[in-house]
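**Student:** This is the structure, below, for whatever I ask next.
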Amino acid sequence: MKNASHMEVSGRRSLMPAFSRLAVLAAFGLASIGTAIAQTAPVPQQRPPARQTPAQIAAAKEAEMIAAGVRTECLPSKQKATPNLSDDVIDDMREASVMLGEKKTDLAIEKLKKLVNKGEDYDKAMVNYNLGIAYSDKNDLASSASAFAKALSYDSLSMQNSEQMRLNLGQLYVASGQFDLGIDALRDYMAKACGVVSPDAHVFLASALAERKRFPEALAEVDTALGKSKVPKESWIQFKLGLLYEQKDYKASAETLLQLIALNAGKADYWKQLAGVLLQMEDSTQAAAVLALAERQGMLATPEDIRNLYNTYMIIGEPQKAAQLMDAAISDKKLPLDERNLESVSNAWINARENEKAEATLKQLASMAERGEYYFRLGAMYGDQERWKDSREMLERALEKGGLKKPGEAWFRIAVASYGANDVKGAIAALQKSIAFEDTKAQASEWLRSLSTQAPPPVPSATSSSAPSAPAKTAG
């Protein structure tokens, strides 16, 4: 350091870190000097902001409104000053208003009708506006709408009043069944509205469009209403569902029903409607799953609901579930123990190849039914199982009880059972009976010819109906 020049020392000192400089100052008791200087230094004078005129403030605010998307015609500077009522009408208008307040509606209407052509445009507009209110009090919606339309035609009301009146006019047209006028009025209101268009206005327009079968447009308005709503109304979503169904948009219908179920999971109709839509989409498996879930929650309480689920199970090839559903419903007394329901159970057990359960149900049916159809089905089932004696006994009971759809087939099956039991004579006798019926004549004749030369042809197997549908083994 001794040989270093003053400049070099100054340069090195300037490179000293800030914390080192503070340490040196503190060592000599000088650390507080900088603070004191800073505290006593004069504050630089700031130039006060220039004062804006009211016009400049208003212009700036309007510029902000335009930037935010507000239309020019909605700006405050574009609004007309609201005039006062003329002396010619003001007293009469006060009297009419008092009459309306006292529910003397007819007197108020008569008073106002005398003023419709008096005064300036603003006077005429206000007279018609009050006439519209008076007519609406009497539920004369068509006259009310006509008066509001006349008031608007003078184009002299304030922006806020005109806007509200356009909305009211559209609603009145729709409520009075003038749907085309209502659509036009509500479209005009939305196009000219400076305030926020409420979700209800979109739903009102949607209802008018739906009345005119303009479903895509109506759906767009409902979607707009739902998009504007913090908490969507259940009735609006139901409306949307109806519009989607009218357009056969089943996929969107299913999605909307899921939304409704999320809002109100305890409403059974939504679950049943969802299953119905899924069936329309040919998604029987999902439809059955939806109905089964609803059934487990106790929502399928009516016989029709249970049978719908039964039919859906049968469609998707789940006969065991179908039979179990019906058995449980009969046990729980949700369905009566009658021929119709037991027949459904037996058909399901037969399709499920649950022979013992099918047999038990058919025996129960056979004992309670007035016709021999169920004895016939038992006989056919026993024949398929080669229980020849039991088969012939049930088939004979079926013929004895009567009411068979195809008695010729019963005789033919008796012939098969007799042949299976080595009773050829009995088989021939039964075949001769079967020949008398057109539907079994050809097959019975073939068997008769074959009995004397060779083993007889194949025997039809039993199904859930009385008609043969598929060949079984050869009897012998």
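Here, A, B, ... name the chains of the structure tokens in the order displayed, residue numbers run from 1 inside each chain, and ligands are numbered from 1 in the same displayed order.
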Name all residues at most 10 Å from A:Ser97 (count only C-alpha atoms; drop same-chain ones fewer than 5 positions away) and give them as a ChimeraX atom specification.

**Tutor:** /A:91-92,102-105,108,111-112,130,134

**Student:** Leaving out A:Gly177 and any residue of its chain fewer than 6 positions from it, which residues lie within 10 Å of it when counting only C-alpha atoms, given as a list in words?

**Tutor:**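 Residues near the query, excluding close chain neighbours: Leu141, Ala142, Gln171, Ala208 and Glu211 of chain A.
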
**Student:** Could you save those same residues with N, CA, C and O atoms as a PDB file, in the first residue's frame?

**Tutor:**
```pdb
ATOM      1  N   LEU A 141    -104.000  -9.646 -22.227  1.00  0.00           N
ATOM      2  CA  LEU A 141    -102.602  -9.580 -22.650  1.00  0.00           C
ATOM      3  C   LEU A 141    -102.446  -9.027 -24.058  1.00  0.00           C
ATOM      4  O   LEU A 141    -101.485  -8.311 -24.348  1.00  0.00           O
ATOM      5  N   ALA A 142    -103.374  -9.351 -24.945  1.00  0.00           N
ATOM      6  CA  ALA A 142    -103.279  -8.862 -26.320  1.00  0.00           C
ATOM      7  C   ALA A 142    -103.389  -7.338 -26.366  1.00  0.00           C
ATOM      8  O   ALA A 142    -102.606  -6.663 -27.053  1.00  0.00           O
ATOM      9  N   GLN A 171     -92.592 -10.716 -23.947  1.00  0.00           N
ATOM     10  CA  GLN A 171     -93.189 -11.690 -23.037  1.00  0.00           C
ATOM     11  C   GLN A 171     -94.708 -11.722 -23.171  1.00  0.00           C
ATOM     12  O   GLN A 171     -95.319 -12.797 -23.122  1.00  0.00           O
ATOM     13  N   ALA A 208     -90.968 -19.622 -27.218  1.00  0.00           N
ATOM     14  CA  ALA A 208     -91.683 -19.194 -28.423  1.00  0.00           C
ATOM     15  C   ALA A 208     -91.155 -19.920 -29.657  1.00  0.00           C
ATOM     16  O   ALA A 208     -91.921 -20.356 -30.524  1.00  0.00           O
ATOM     17  N   GLU A 211     -92.481 -23.435 -29.775  1.00  0.00           N
ATOM     18  CA  GLU A 211     -93.865 -23.487 -30.228  1.00  0.00           C
ATOM     19  C   GLU A 211     -93.948 -23.473 -31.753  1.00  0.00           C
ATOM     20  O   GLU A 211     -94.872 -24.021 -32.340  1.00  0.00           O
TER      21      GLU A 211
END
```

**Student:** Set the distance at 9 Å and use only C-alpha atoms: which residues neighbour A:Trp388 once local chain neighbours fewer than 6 positions away are removed? I'd like the list as JSON, numbers by chain.

**Tutor:** {"A": [379, 382, 414, 416, 417, 418, 419, 420, 421]}

**Student:** Could you please take those selected residues and save all heavy atoms as a compact mmCIF listing (two decimals), in the first residue's frame?

**Tutor:**
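Result saved to result_21.txt:
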```txt
# COMPACT_ATOMS: atom_id res chain seq x y z
N GLY A 379 -95.30 -81.00 -20.68
CA GLY A 379 -95.16 -82.23 -21.47
C GLY A 379 -94.04 -82.11 -22.48
O GLY A 379 -93.26 -83.07 -22.69
N TYR A 382 -90.67 -82.31 -20.59
CA TYR A 382 -90.35 -83.68 -20.19
C TYR A 382 -89.94 -84.52 -21.41
O TYR A 382 -89.08 -85.40 -21.32
CB TYR A 382 -91.55 -84.33 -19.50
CG TYR A 382 -91.89 -83.74 -18.14
CD1 TYR A 382 -93.21 -83.77 -17.68
CD2 TYR A 382 -90.91 -83.17 -17.35
CE1 TYR A 382 -93.54 -83.24 -16.44
CE2 TYR A 382 -91.24 -82.64 -16.11
CZ TYR A 382 -92.54 -82.66 -15.66
OH TYR A 382 -92.85 -82.13 -14.43
N ILE A 414 -97.58 -86.60 -27.99
CA ILE A 414 -98.01 -87.83 -27.30
C ILE A 414 -97.52 -89.05 -28.08
O ILE A 414 -97.06 -90.06 -27.50
CB ILE A 414 -99.54 -87.86 -27.13
CG1 ILE A 414 -99.97 -86.83 -26.07
CG2 ILE A 414 -100.03 -89.25 -26.74
CD1 ILE A 414 -101.48 -86.67 -25.94
N VAL A 416 -94.86 -89.16 -29.95
CA VAL A 416 -93.41 -89.24 -29.72
C VAL A 416 -93.12 -89.88 -28.37
O VAL A 416 -92.26 -90.77 -28.24
CB VAL A 416 -92.78 -87.84 -29.80
CG1 VAL A 416 -91.31 -87.90 -29.39
CG2 VAL A 416 -92.92 -87.26 -31.20
N ALA A 417 -93.86 -89.42 -27.32
CA ALA A 417 -93.65 -89.97 -25.97
C ALA A 417 -94.02 -91.46 -25.93
O ALA A 417 -93.33 -92.27 -25.30
CB ALA A 417 -94.48 -89.18 -24.96
N SER A 418 -95.11 -91.82 -26.62
CA SER A 418 -95.52 -93.24 -26.65
C SER A 418 -94.45 -94.08 -27.35
O SER A 418 -94.09 -95.17 -26.89
CB SER A 418 -96.86 -93.38 -27.39
OG SER A 418 -97.87 -92.67 -26.69
N TYR A 419 -93.95 -93.59 -28.46
CA TYR A 419 -92.91 -94.32 -29.18
C TYR A 419 -91.66 -94.45 -28.33
O TYR A 419 -91.01 -95.51 -28.29
CB TYR A 419 -92.59 -93.60 -30.49
CG TYR A 419 -91.57 -94.32 -31.34
CD1 TYR A 419 -91.94 -95.35 -32.20
CD2 TYR A 419 -90.22 -93.97 -31.27
CE1 TYR A 419 -91.01 -96.02 -32.97
CE2 TYR A 419 -89.28 -94.63 -32.03
CZ TYR A 419 -89.68 -95.64 -32.89
OH TYR A 419 -88.75 -96.31 -33.64
N GLY A 420 -91.31 -93.35 -27.62
CA GLY A 420 -90.14 -93.40 -26.75
C GLY A 420 -90.30 -94.40 -25.64
O GLY A 420 -89.31 -94.98 -25.14
N ALA A 421 -91.55 -94.64 -25.21
CA ALA A 421 -91.83 -95.62 -24.15
C ALA A 421 -92.12 -97.00 -24.73
O ALA A 421 -92.65 -97.88 -24.02
CB ALA A 421 -93.00 -95.14 -23.31
```

**Student:** What lies within 12 Å of stretch 242-254 of chain A using only C-alpha atoms, ignoring chain neighbours under 5 positions off, as a VMD selection string?

**Tutor:** chain A and resid 206 to 207 209 to 211 213 to 223 235 to 237 259 to 261 270 to 283 286 to 287 290

**Student:** Can you list, as an MDAnalysis selection string, all residues belonging to stretch 376-445 of chain A that DSSP tags as helix (DSSP H, G or I)?

**Tutor:** chainID A and resid 376:384 388:401 407:420 424:434 438:445

**Student:** Go through A:Ala398, A:Met314, A:Ala175, A:Leu448 and flag the residue nearest A:Ser367, using only C-alpha atoms for the distances.

**Tutor:**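 Nearest candidate to A:Ser367 out of A:Ala398, A:Met314, A:Ala175, A:Leu448: A:Ala398.
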
**Student:** Smallest atom-to-atom distance to A:Phe179: which of A:Leu205, A:Ala358, A:Ala322, A:Leu291, using only C-alpha atoms?

**Tutor:**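 Going through A:Leu205, A:Ala358, A:Ala322, A:Leu291 one by one, the smallest distance to A:Phe179 is for A:Leu205.
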
**Student:** So which residues touch A:Glu356 within 12 Å, counting only C-alpha atoms, skipping near sequence neighbours fewer than 3 positions away, as a ChimeraX atom specification?

**Tutor:** /A:346,349-350,352-353,359-363,378,381-382,385

**Student:** Restrict the selected residues to N, CA, C and O atoms and save them as a PDB file, in the first residue's frame.

**Tutor:**
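Okay, result.pdb is ready:
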```
ATOM      1  N   SER A 346     -91.765 -68.268 -15.767  1.00  0.00           N
ATOM      2  CA  SER A 346     -91.479 -69.576 -16.383  1.00  0.00           C
ATOM      3  C   SER A 346     -90.713 -69.400 -17.690  1.00  0.00           C
ATOM      4  O   SER A 346     -89.765 -70.153 -17.974  1.00  0.00           O
ATOM      5  N   TRP A 349     -87.083 -68.725 -16.840  1.00  0.00           N
ATOM      6  CA  TRP A 349     -86.354 -69.910 -16.367  1.00  0.00           C
ATOM      7  C   TRP A 349     -86.102 -70.891 -17.521  1.00  0.00           C
ATOM      8  O   TRP A 349     -85.030 -71.520 -17.584  1.00  0.00           O
ATOM      9  N   ILE A 350     -87.062 -71.022 -18.414  1.00  0.00           N
ATOM     10  CA  ILE A 350     -86.867 -71.900 -19.576  1.00  0.00           C
ATOM     11  C   ILE A 350     -85.712 -71.394 -20.437  1.00  0.00           C
ATOM     12  O   ILE A 350     -84.847 -72.149 -20.867  1.00  0.00           O
ATOM     13  N   ALA A 352     -83.293 -69.579 -19.464  1.00  0.00           N
ATOM     14  CA  ALA A 352     -82.054 -69.707 -18.694  1.00  0.00           C
ATOM     15  C   ALA A 352     -81.626 -71.169 -18.546  1.00  0.00           C
ATOM     16  O   ALA A 352     -80.590 -71.457 -17.951  1.00  0.00           O
ATOM     17  N   ARG A 353     -82.446 -72.105 -19.083  1.00  0.00           N
ATOM     18  CA  ARG A 353     -82.186 -73.545 -18.985  1.00  0.00           C
ATOM     19  C   ARG A 353     -82.127 -74.023 -17.532  1.00  0.00           C
ATOM     20  O   ARG A 353     -81.385 -74.937 -17.181  1.00  0.00           O
ATOM     21  N   GLU A 359     -89.876 -75.971 -14.238  1.00  0.00           N
ATOM     22  CA  GLU A 359     -90.869 -77.003 -13.965  1.00  0.00           C
ATOM     23  C   GLU A 359     -91.760 -76.620 -12.790  1.00  0.00           C
ATOM     24  O   GLU A 359     -92.998 -76.744 -12.860  1.00  0.00           O
ATOM     25  N   ALA A 360     -91.150 -76.105 -11.722  1.00  0.00           N
ATOM     26  CA  ALA A 360     -91.928 -75.729 -10.534  1.00  0.00           C
ATOM     27  C   ALA A 360     -92.910 -74.612 -10.865  1.00  0.00           C
ATOM     28  O   ALA A 360     -94.075 -74.622 -10.431  1.00  0.00           O
ATOM     29  N   THR A 361     -92.450 -73.646 -11.656  1.00  0.00           N
ATOM     30  CA  THR A 361     -93.321 -72.520 -12.009  1.00  0.00           C
ATOM     31  C   THR A 361     -94.442 -72.966 -12.938  1.00  0.00           C
ATOM     32  O   THR A 361     -95.596 -72.545 -12.792  1.00  0.00           O
ATOM     33  N   LEU A 362     -94.117 -73.842 -13.907  1.00  0.00           N
ATOM     34  CA  LEU A 362     -95.139 -74.327 -14.825  1.00  0.00           C
ATOM     35  C   LEU A 362     -96.197 -75.162 -14.100  1.00  0.00           C
ATOM     36  O   LEU A 362     -97.385 -75.110 -14.434  1.00  0.00           O
ATOM     37  N   LYS A 363     -95.801 -75.956 -13.111  1.00  0.00           N
ATOM     38  CA  LYS A 363     -96.766 -76.727 -12.319  1.00  0.00           C
ATOM     39  C   LYS A 363     -97.716 -75.794 -11.581  1.00  0.00           C
ATOM     40  O   LYS A 363     -98.927 -76.038 -11.513  1.00  0.00           O
ATOM     41  N   LEU A 378     -95.170 -78.305 -19.996  1.00  0.00           N
ATOM     42  CA  LEU A 378     -94.529 -79.313 -19.138  1.00  0.00           C
ATOM     43  C   LEU A 378     -94.282 -80.602 -19.917  1.00  0.00           C
ATOM     44  O   LEU A 378     -93.200 -81.201 -19.834  1.00  0.00           O
ATOM     45  N   MET A 381     -91.415 -80.120 -22.247  1.00  0.00           N
ATOM     46  CA  MET A 381     -90.145 -80.087 -21.519  1.00  0.00           C
ATOM     47  C   MET A 381     -89.729 -81.508 -21.113  1.00  0.00           C
ATOM     48  O   MET A 381     -88.560 -81.901 -21.286  1.00  0.00           O
ATOM     49  N   TYR A 382     -90.665 -82.308 -20.595  1.00  0.00           N
ATOM     50  CA  TYR A 382     -90.350 -83.680 -20.190  1.00  0.00           C
ATOM     51  C   TYR A 382     -89.938 -84.520 -21.406  1.00  0.00           C
ATOM     52  O   TYR A 382     -89.076 -85.398 -21.316  1.00  0.00           O
ATOM     53  N   GLN A 385     -86.446 -84.020 -22.176  1.00  0.00           N
ATOM     54  CA  GLN A 385     -85.602 -84.696 -21.189  1.00  0.00           C
ATOM     55  C   GLN A 385     -85.752 -86.237 -21.258  1.00  0.00           C
ATOM     56  O   GLN A 385     -85.178 -86.947 -20.427  1.00  0.00           O
TER      57      GLN A 385
END
```

**Student:** At what distance in Å, to one decimal, does atom CA of A:Arg340 lie from atom CA of A:Gly403?

**Tutor:** 16.1 Å

**Student:** When you look at A:Ile306 with a cut-off of 12 Å (counting only C-alpha atoms), what residues show up, excluding the ones that are within fewer than 5 positions of it in the same chain? I need them as a VMD selection string.

**Tutor:** chain A and resid 272 288 291 to 292 294 to 296 298 to 301 311 to 313 321 to 330 333 to 336 341 344

**Student:** As a ChimeraX atom specification, please: the residues near A:Phe437 (cut-off 12 Å, only C-alpha atoms, same-chain neighbours under 2 positions excluded).

**Tutor:** /A:405-412,430-435,439-445
